[in-house]
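Asker: What follows is the file entry_31.pdb, containing PDB, C-alpha atoms, pLDDT in the B column:
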```pdb
ATOM      1  CA  MET C   1     104.648  61.052  70.106  1.00 58.00           C
ATOM      2  CA  THR C   2     104.705  60.361  66.374  1.00 64.00           C
ATOM      3  CA  ILE C   3     107.263  61.822  64.008  1.00 62.00           C
ATOM      4  CA  LYS C   4     104.571  64.113  62.564  1.00 56.00           C
ATOM      5  CA  GLY C   5     103.621  65.254  66.095  1.00 55.00           C
ATOM      6  CA  ARG C   6     107.274  65.975  66.931  1.00 52.00           C
ATOM      7  CA  ALA C   7     107.722  67.933  63.718  1.00 49.00           C
ATOM      8  CA  VAL C   8     104.660  70.081  64.498  1.00 46.00           C
ATOM      9  CA  PHE C   9     105.979  70.680  68.019  1.00 48.00           C
ATOM     10  CA  VAL C  10     109.468  71.674  66.784  1.00 45.00           C
ATOM     11  CA  VAL C  11     108.075  74.008  64.105  1.00 46.00           C
ATOM     12  CA  SER C  12     105.686  75.600  66.621  1.00 53.00           C
ATOM     13  CA  PHE C  13     108.508  76.044  69.119  1.00 45.00           C
ATOM     14  CA  LEU C  14     110.788  77.663  66.525  1.00 45.00           C
ATOM     15  CA  LEU C  15     108.016  80.008  65.372  1.00 45.00           C
ATOM     16  CA  ALA C  16     107.396  81.051  68.973  1.00 51.00           C
ATOM     17  CA  LEU C  17     111.060  82.011  69.282  1.00 46.00           C
ATOM     18  CA  THR C  18     110.739  84.388  66.330  1.00 49.00           C
ATOM     19  CA  VAL C  19     107.951  86.483  67.903  1.00 48.00           C
ATOM     20  CA  PRO C  20     109.455  89.836  68.910  1.00 49.00           C
ATOM     21  CA  LEU C  21     109.210  90.589  72.610  1.00 44.00           C
ATOM     22  CA  SER C  22     107.525  93.896  71.806  1.00 45.00           C
ATOM     23  CA  VAL C  23     104.322  92.110  70.757  1.00 48.00           C
ATOM     24  CA  ILE C  24     104.053  90.133  73.970  1.00 47.00           C
ATOM     25  CA  PRO C  25     101.710  92.049  76.266  1.00 48.00           C
ATOM     26  CA  ARG C  26     103.259  93.295  79.481  1.00 53.00           C
ATOM     27  CA  ALA C  27     101.854  94.984  82.529  1.00 63.00           C
ATOM     28  CA  ALA C  28     101.302  98.693  82.016  1.00 77.00           C
ATOM     29  CA  ALA C  29     103.848 100.997  83.617  1.00 91.00           C
ATOM     30  CA  THR C  30     102.071 102.994  86.322  1.00 94.00           C
ATOM     31  CA  GLY C  31     102.656 105.869  88.690  1.00 97.00           C
ATOM     32  CA  THR C  32     100.564 107.756  91.220  1.00 98.00           C
ATOM     33  CA  LEU C  33      98.795 111.099  91.102  1.00 98.00           C
ATOM     34  CA  ARG C  34      98.246 112.797  94.470  1.00 98.00           C
ATOM     35  CA  GLY C  35      96.243 115.985  94.603  1.00 97.00           C
ATOM     36  CA  THR C  36      95.202 118.541  97.194  1.00 98.00           C
ATOM     37  CA  PHE C  37      92.284 120.910  96.529  1.00 98.00           C
ATOM     38  CA  VAL C  38      91.632 123.962  98.716  1.00 98.00           C
ATOM     39  CA  ASP C  39      89.752 127.286  98.654  1.00 96.00           C
ATOM     40  CA  PRO C  40      91.518 130.685  98.764  1.00 96.00           C
ATOM     41  CA  GLY C  41      91.740 130.470 102.569  1.00 96.00           C
ATOM     42  CA  GLY C  42      93.276 126.975 102.511  1.00 97.00           C
ATOM     43  CA  ALA C  43      90.143 125.068 103.582  1.00 97.00           C
ATOM     44  CA  ALA C  44      89.693 121.635 102.015  1.00 98.00           C
ATOM     45  CA  LEU C  45      87.311 121.324  99.065  1.00 96.00           C
ATOM     46  CA  ASP C  46      85.456 118.172  98.083  1.00 91.00           C
ATOM     47  CA  ALA C  47      86.294 118.896  94.456  1.00 97.00           C
ATOM     48  CA  HIS C  48      85.231 116.716  91.573  1.00 98.00           C
ATOM     49  CA  VAL C  49      88.309 115.945  89.491  1.00 98.00           C
ATOM     50  CA  LEU C  50      88.157 115.006  85.810  1.00 97.00           C
ATOM     51  CA  ILE C  51      91.189 113.076  84.579  1.00 97.00           C
ATOM     52  CA  HIS C  52      91.606 112.954  80.803  1.00 95.00           C
ATOM     53  CA  PRO C  53      94.493 111.036  79.199  1.00 94.00           C
ATOM     54  CA  ASP C  54      96.521 113.070  76.702  1.00 91.00           C
ATOM     55  CA  LEU C  55      97.235 110.552  73.956  1.00 87.00           C
ATOM     56  CA  SER C  56      99.922 112.626  72.218  1.00 80.00           C
ATOM     57  CA  GLY C  57     102.545 110.274  70.860  1.00 68.00           C
ATOM     58  CA  ARG C  58     100.469 107.138  71.487  1.00 68.00           C
ATOM     59  CA  ILE C  59      98.943 105.178  68.647  1.00 67.00           C
ATOM     60  CA  ASP C  60      97.710 102.109  70.489  1.00 65.00           C
ATOM     61  CA  SER C  61      95.662 103.730  73.245  1.00 66.00           C
ATOM     62  CA  VAL C  62      92.070 104.767  73.706  1.00 71.00           C
ATOM     63  CA  ALA C  63      91.183 107.709  75.954  1.00 76.00           C
ATOM     64  CA  LYS C  64      89.114 106.824  78.992  1.00 87.00           C
ATOM     65  CA  ASP C  65      88.100 109.845  81.039  1.00 93.00           C
ATOM     66  CA  PHE C  66      87.044 109.388  84.611  1.00 91.00           C
ATOM     67  CA  ILE C  67      85.875 111.575  87.471  1.00 96.00           C
ATOM     68  CA  LEU C  68      87.007 111.222  91.063  1.00 96.00           C
ATOM     69  CA  ARG C  69      86.004 113.145  94.156  1.00 97.00           C
ATOM     70  CA  ALA C  70      88.476 114.511  96.666  1.00 97.00           C
ATOM     71  CA  ASN C  71      87.875 113.289 100.210  1.00 97.00           C
ATOM     72  CA  ALA C  72      86.850 115.441 103.207  1.00 96.00           C
ATOM     73  CA  LEU C  73      90.491 116.524 103.599  1.00 97.00           C
ATOM     74  CA  GLY C  74      90.510 117.826 100.017  1.00 97.00           C
ATOM     75  CA  THR C  75      92.896 115.125  98.801  1.00 98.00           C
ATOM     76  CA  LEU C  76      92.859 112.246  96.364  1.00 97.00           C
ATOM     77  CA  SER C  77      95.290 109.606  95.217  1.00 98.00           C
ATOM     78  CA  VAL C  78      94.993 107.432  92.125  1.00 97.00           C
ATOM     79  CA  GLU C  79      97.250 105.050  90.218  1.00 97.00           C
ATOM     80  CA  LEU C  80      97.490 105.821  86.487  1.00 95.00           C
ATOM     81  CA  GLU C  81      99.359 104.493  83.477  1.00 92.00           C
ATOM     82  CA  ALA C  82     102.518 106.457  82.766  1.00 93.00           C
ATOM     83  CA  GLY C  83     101.899 109.379  80.416  1.00 92.00           C
ATOM     84  CA  PHE C  84     100.376 112.848  80.258  1.00 94.00           C
ATOM     85  CA  TYR C  85      96.959 113.791  81.645  1.00 96.00           C
ATOM     86  CA  ASP C  86      94.741 116.861  81.779  1.00 96.00           C
ATOM     87  CA  VAL C  87      93.517 117.168  85.348  1.00 97.00           C
ATOM     88  CA  CYS C  88      90.538 119.500  85.882  1.00 98.00           C
ATOM     89  CA  ALA C  89      89.106 120.311  89.304  1.00 98.00           C
ATOM     90  CA  MET C  90      85.568 121.644  89.794  1.00 97.00           C
ATOM     91  CA  SER C  91      83.679 122.623  92.927  1.00 96.00           C
ATOM     92  CA  ASN C  92      80.424 124.532  93.464  1.00 94.00           C
ATOM     93  CA  GLY C  93      81.017 128.293  93.492  1.00 94.00           C
ATOM     94  CA  PHE C  94      84.620 128.078  92.234  1.00 96.00           C
ATOM     95  CA  VAL C  95      86.315 128.612  88.880  1.00 97.00           C
ATOM     96  CA  PRO C  96      87.270 125.264  87.289  1.00 97.00           C
ATOM     97  CA  MET C  97      91.041 124.779  87.239  1.00 97.00           C
ATOM     98  CA  CYS C  98      92.940 122.552  84.796  1.00 97.00           C
ATOM     99  CA  GLN C  99      96.573 121.596  84.402  1.00 97.00           C
ATOM    100  CA  LYS C 100      98.704 119.120  82.480  1.00 97.00           C
ATOM    101  CA  VAL C 101     100.334 116.432  84.645  1.00 97.00           C
ATOM    102  CA  ARG C 102     102.956 113.869  83.705  1.00 96.00           C
ATOM    103  CA  ILE C 103     102.866 110.489  85.407  1.00 96.00           C
ATOM    104  CA  ARG C 104     106.164 108.606  85.390  1.00 96.00           C
ATOM    105  CA  GLU C 105     106.571 104.893  86.041  1.00 96.00           C
ATOM    106  CA  GLY C 106     107.033 104.136  89.729  1.00 97.00           C
ATOM    107  CA  GLN C 107     106.860 107.803  90.773  1.00 97.00           C
ATOM    108  CA  THR C 108     104.294 110.065  92.424  1.00 98.00           C
ATOM    109  CA  ALA C 109     103.200 113.299  90.749  1.00 98.00           C
ATOM    110  CA  LYS C 110     101.820 115.823  93.238  1.00 98.00           C
ATOM    111  CA  ILE C 111      99.505 118.702  92.433  1.00 97.00           C
ATOM    112  CA  SER C 112      98.161 121.372  94.739  1.00 97.00           C
ATOM    113  CA  VAL C 113      95.187 123.368  93.506  1.00 97.00           C
ATOM    114  CA  ARG C 114      94.029 126.564  95.247  1.00 98.00           C
ATOM    115  CA  MET C 115      90.675 127.268  93.641  1.00 97.00           C
ATOM    116  CA  LYS C 116      89.357 130.798  93.128  1.00 96.00           C
ATOM    117  CA  VAL C 117      85.831 131.899  93.982  1.00 94.00           C
ATOM    118  CA  ASP C 118      83.818 132.443  90.807  1.00 95.00           C
ATOM    119  CA  ARG C 119      83.023 136.164  90.459  1.00 93.00           C
ATOM    120  CA  GLU C 120      79.572 135.602  88.955  1.00 93.00           C
ATOM    121  CA  VAL C 121      78.541 133.166  91.684  1.00 91.00           C
ATOM    122  CA  TRP C 122      79.779 135.612  94.331  1.00 90.00           C
ATOM    123  CA  LYS C 123      77.774 138.446  92.740  1.00 90.00           C
ATOM    124  CA  ALA C 124      74.626 136.327  92.685  1.00 92.00           C
ATOM    125  CA  PHE C 125      74.875 134.683  96.104  1.00 89.00           C
ATOM    126  CA  GLY C 126      77.564 136.439  98.130  1.00 82.00           C
ATOM    127  CA  SER C 127      78.626 134.462 101.158  1.00 73.00           C
ATOM    128  CA  ARG C 128      75.554 132.181 100.902  1.00 71.00           C
ATOM    129  CA  PHE C 129      77.059 129.829  98.351  1.00 63.00           C
TER     130      PHE C 129
END
```
Just dump the structure as structure tokens.
Answerer:
Amino acid sequence: MTIKGRAVFVVSFLLALTVPLSVIPRAAATGTLRGTFVDPGGAALDAHVLIHPDLSGRIDSVAKDFILRANALGTLSVELEAGFYDVCAMSNGFVPMCQKVRIREGQTAKISVRMKVDREVWKAFGSRF
């Protein structure tokens, strides 16, 4: 290696040491959301669940909503970045239900949603819905 090549290497190495660790990307801190969705009698609902990130206090993030569907047992589990989320459950014939959920790194947040029958749907269809 020439003297010029060594000098470039040394300068590059010293500059790399001055980069603050906060600008080096790291894996996102994640936690788990587990939800259970049931009707007034406790029967499982195959609810559609909208998850919307609440970006309060974040300046470097972009909201990415997504929709999941609870399984036949009325449950779902998803890994999310740590932070706050609006979680909204919807199912045919029921009133949509929303709540704020906080996901903490390495922890599991659990929600249990007992959905109410929508009055207008009941009036229109009774027990047929």
Asker: Might you pull out every residue within 7 Å of C:Glu79, with only C-alpha atoms counted and same-chain residues fewer than 4 positions away left off, and present them as an mmCIF file with C-alpha atoms, in the frame of the given file?
Answerer:
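Listed below is the output, selection.cif:
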```
data_model
loop_
_atom_site.group_PDB
_atom_site.id
_atom_site.type_symbol
_atom_site.label_atom_id
_atom_site.label_comp_id
_atom_site.auth_asym_id
_atom_site.auth_seq_id
_atom_site.Cartn_x
_atom_site.Cartn_y
_atom_site.Cartn_z
ATOM 1 C CA THR C 30 102.071 102.994 86.322
ATOM 2 C CA GLY C 31 102.656 105.869 88.690
ATOM 3 C CA THR C 32 100.564 107.756 91.220
ATOM 4 C CA LEU C 33 98.795 111.099 91.102
#
```
Asker: If I put a ball of radius 12 Å at (91.3, 129.4, 98.8) in the file's coordinates, which residues poke into it when counting only C-alpha atoms, written as a list in words?
Answerer: Thr36, Phe37, Val38, Asp39, Pro40, Gly41, Gly42, Ala43, Ala44, Leu45, Gly74, Ser91, Gly93, Phe94, Val95, Ser112, Val113, Arg114, Met115, Lys116, Val117 and Asp118 of chain C
Asker: Since I can't run it myself right now, could you work out what the PyMOL selection byres ((chain C and resi 63-71) around 7) selects here and report it as a list in words?
Answerer: Asp46, Ala47, His48, Val49, Leu50, Ile51, His52, Pro53, Leu55, Ser61, Val62, Ala72, Leu73, Gly74, Thr75 and Leu76 of chain C
Asker: Apply the PyMOL selection byres ((chain C and resi 82) around 12) to the file shown and report the selected residues as a ChimeraX atom specification.
Answerer: /C:27-33,53-55,58,79-81,83-85,101-109
Asker: Please compute the atom CA of C:Gly35-atom CA of C:Ala89 distance, one decimal, in Å.
Answerer: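 Those two atoms sit 9.9 Å apart.
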Asker: Please, what distance in Å, to one decimal, runs between atom CA of C:Asn92 and atom CA of C:Val78?
Answerer: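 Taking atom CA of C:Asn92 as the start and atom CA of C:Val78 as the end point, the length is 22.5 Å.
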Asker: Which value, in Å to one decimal, gives the distance between atom CA of C:Cys88 and atom CA of C:Arg119?
Answerer: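 Atom CA of C:Arg119 lies at a distance of 18.8 Å from atom CA of C:Cys88.
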Asker: List the residues selected by the PyMOL selection byres ((chain C and resi 99) around 6) in the file shown, writing them as a ChimeraX atom specification.
Answerer: /C:86-87,98,100
Asker: Give me a file of those residues, with C-alpha atoms, as an mmCIF file, in the frame of the given file.
Answerer:
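Output file part.cif follows:
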```cif
data_model
loop_
_atom_site.group_PDB
_atom_site.id
_atom_site.type_symbol
_atom_site.label_atom_id
_atom_site.label_comp_id
_atom_site.auth_asym_id
_atom_site.auth_seq_id
_atom_site.Cartn_x
_atom_site.Cartn_y
_atom_site.Cartn_z
ATOM 1 C CA ASP C 86 94.741 116.861 81.779
ATOM 2 C CA VAL C 87 93.517 117.168 85.348
ATOM 3 C CA CYS C 98 92.940 122.552 84.796
ATOM 4 C CA LYS C 100 98.704 119.120 82.480
#
```
Asker: Could you model N, CA and C atoms for stretch 43-71 of chain C and present them as an mmCIF file, in the frame of the given file?
Answerer:
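What landed in part23.cif:
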```cif
data_model
loop_
_atom_site.group_PDB
_atom_site.id
_atom_site.type_symbol
_atom_site.label_atom_id
_atom_site.label_comp_id
_atom_site.auth_asym_id
_atom_site.auth_seq_id
_atom_site.Cartn_x
_atom_site.Cartn_y
_atom_site.Cartn_z
ATOM 1 N N ALA C 43 91.070 126.102 103.099
ATOM 2 C CA ALA C 43 90.143 125.068 103.582
ATOM 3 C C ALA C 43 89.953 124.000 102.503
ATOM 4 N N ALA C 44 89.850 122.768 102.933
ATOM 5 C CA ALA C 44 89.693 121.635 102.015
ATOM 6 C C ALA C 44 88.405 121.755 101.210
ATOM 7 N N LEU C 45 88.483 121.367 99.941
ATOM 8 C CA LEU C 45 87.311 121.324 99.065
ATOM 9 C C LEU C 45 87.067 119.886 98.625
ATOM 10 N N ASP C 46 85.801 119.493 98.608
ATOM 11 C CA ASP C 46 85.456 118.172 98.083
ATOM 12 C C ASP C 46 85.270 118.276 96.569
ATOM 13 N N ALA C 47 86.329 118.652 95.902
ATOM 14 C CA ALA C 47 86.294 118.896 94.456
ATOM 15 C C ALA C 47 86.035 117.613 93.677
ATOM 16 N N HIS C 48 85.337 117.781 92.556
ATOM 17 C CA HIS C 48 85.231 116.716 91.573
ATOM 18 C C HIS C 48 86.393 116.912 90.611
ATOM 19 N N VAL C 49 87.093 115.842 90.293
ATOM 20 C CA VAL C 49 88.309 115.945 89.491
ATOM 21 C C VAL C 49 88.174 115.061 88.253
ATOM 22 N N LEU C 50 88.194 115.707 87.090
ATOM 23 C CA LEU C 50 88.157 115.006 85.810
ATOM 24 C C LEU C 50 89.591 114.713 85.392
ATOM 25 N N ILE C 51 89.858 113.468 85.058
ATOM 26 C CA ILE C 51 91.189 113.076 84.579
ATOM 27 C C ILE C 51 91.032 112.569 83.153
ATOM 28 N N HIS C 52 91.701 113.266 82.235
ATOM 29 C CA HIS C 52 91.606 112.954 80.803
ATOM 30 C C HIS C 52 92.997 112.616 80.269
ATOM 31 N N PRO C 53 93.187 111.393 79.753
ATOM 32 C CA PRO C 53 94.493 111.036 79.199
ATOM 33 C C PRO C 53 94.814 111.861 77.948
ATOM 34 N N ASP C 54 96.026 112.375 77.888
ATOM 35 C CA ASP C 54 96.521 113.070 76.702
ATOM 36 C C ASP C 54 97.254 112.009 75.889
ATOM 37 N N LEU C 55 96.693 111.658 74.741
ATOM 38 C CA LEU C 55 97.235 110.552 73.956
ATOM 39 C C LEU C 55 98.308 110.975 72.962
ATOM 40 N N SER C 56 98.853 112.165 73.115
ATOM 41 C CA SER C 56 99.922 112.626 72.218
ATOM 42 C C SER C 56 101.052 111.605 72.193
ATOM 43 N N GLY C 57 101.438 111.207 71.013
ATOM 44 C CA GLY C 57 102.545 110.274 70.860
ATOM 45 C C GLY C 57 102.163 108.817 71.029
ATOM 46 N N ARG C 58 100.919 108.530 71.328
ATOM 47 C CA ARG C 58 100.469 107.138 71.487
ATOM 48 C C ARG C 58 99.575 106.776 70.311
ATOM 49 N N ILE C 59 99.798 105.612 69.750
ATOM 50 C CA ILE C 59 98.943 105.178 68.647
ATOM 51 C C ILE C 59 98.117 103.952 69.011
ATOM 52 N N ASP C 60 98.401 103.339 70.125
ATOM 53 C CA ASP C 60 97.710 102.109 70.489
ATOM 54 C C ASP C 60 96.794 102.277 71.699
ATOM 55 N N SER C 61 96.466 103.507 72.044
ATOM 56 C CA SER C 61 95.662 103.730 73.245
ATOM 57 C C SER C 61 94.318 104.370 72.917
ATOM 58 N N VAL C 62 93.394 104.168 73.809
ATOM 59 C CA VAL C 62 92.070 104.767 73.706
ATOM 60 C C VAL C 62 91.856 105.595 74.969
ATOM 61 N N ALA C 63 91.400 106.829 74.799
ATOM 62 C CA ALA C 63 91.183 107.709 75.954
ATOM 63 C C ALA C 63 90.002 107.212 76.776
ATOM 64 N N LYS C 64 90.190 107.173 78.068
ATOM 65 C CA LYS C 64 89.114 106.824 78.992
ATOM 66 C C LYS C 64 89.128 107.866 80.099
ATOM 67 N N ASP C 65 88.215 108.827 80.003
ATOM 68 C CA ASP C 65 88.100 109.845 81.039
ATOM 69 C C ASP C 65 87.445 109.235 82.268
ATOM 70 N N PHE C 66 87.775 109.771 83.420
ATOM 71 C CA PHE C 66 87.044 109.388 84.611
ATOM 72 C C PHE C 66 87.034 110.546 85.591
ATOM 73 N N ILE C 67 86.051 110.511 86.490
ATOM 74 C CA ILE C 67 85.875 111.575 87.471
ATOM 75 C C ILE C 67 86.004 110.972 88.864
ATOM 76 N N LEU C 68 86.824 111.626 89.671
ATOM 77 C CA LEU C 68 87.007 111.222 91.063
ATOM 78 C C LEU C 68 86.560 112.369 91.951
ATOM 79 N N ARG C 69 86.370 112.096 93.214
ATOM 80 C CA ARG C 69 86.004 113.145 94.156
ATOM 81 C C ARG C 69 87.035 113.168 95.278
ATOM 82 N N ALA C 70 87.540 114.358 95.559
ATOM 83 C CA ALA C 70 88.476 114.511 96.666
ATOM 84 C C ALA C 70 87.749 114.166 97.969
ATOM 85 N N ASN C 71 88.484 113.657 98.930
ATOM 86 C CA ASN C 71 87.875 113.289 100.210
ATOM 87 C C ASN C 71 87.627 114.530 101.075
#
```
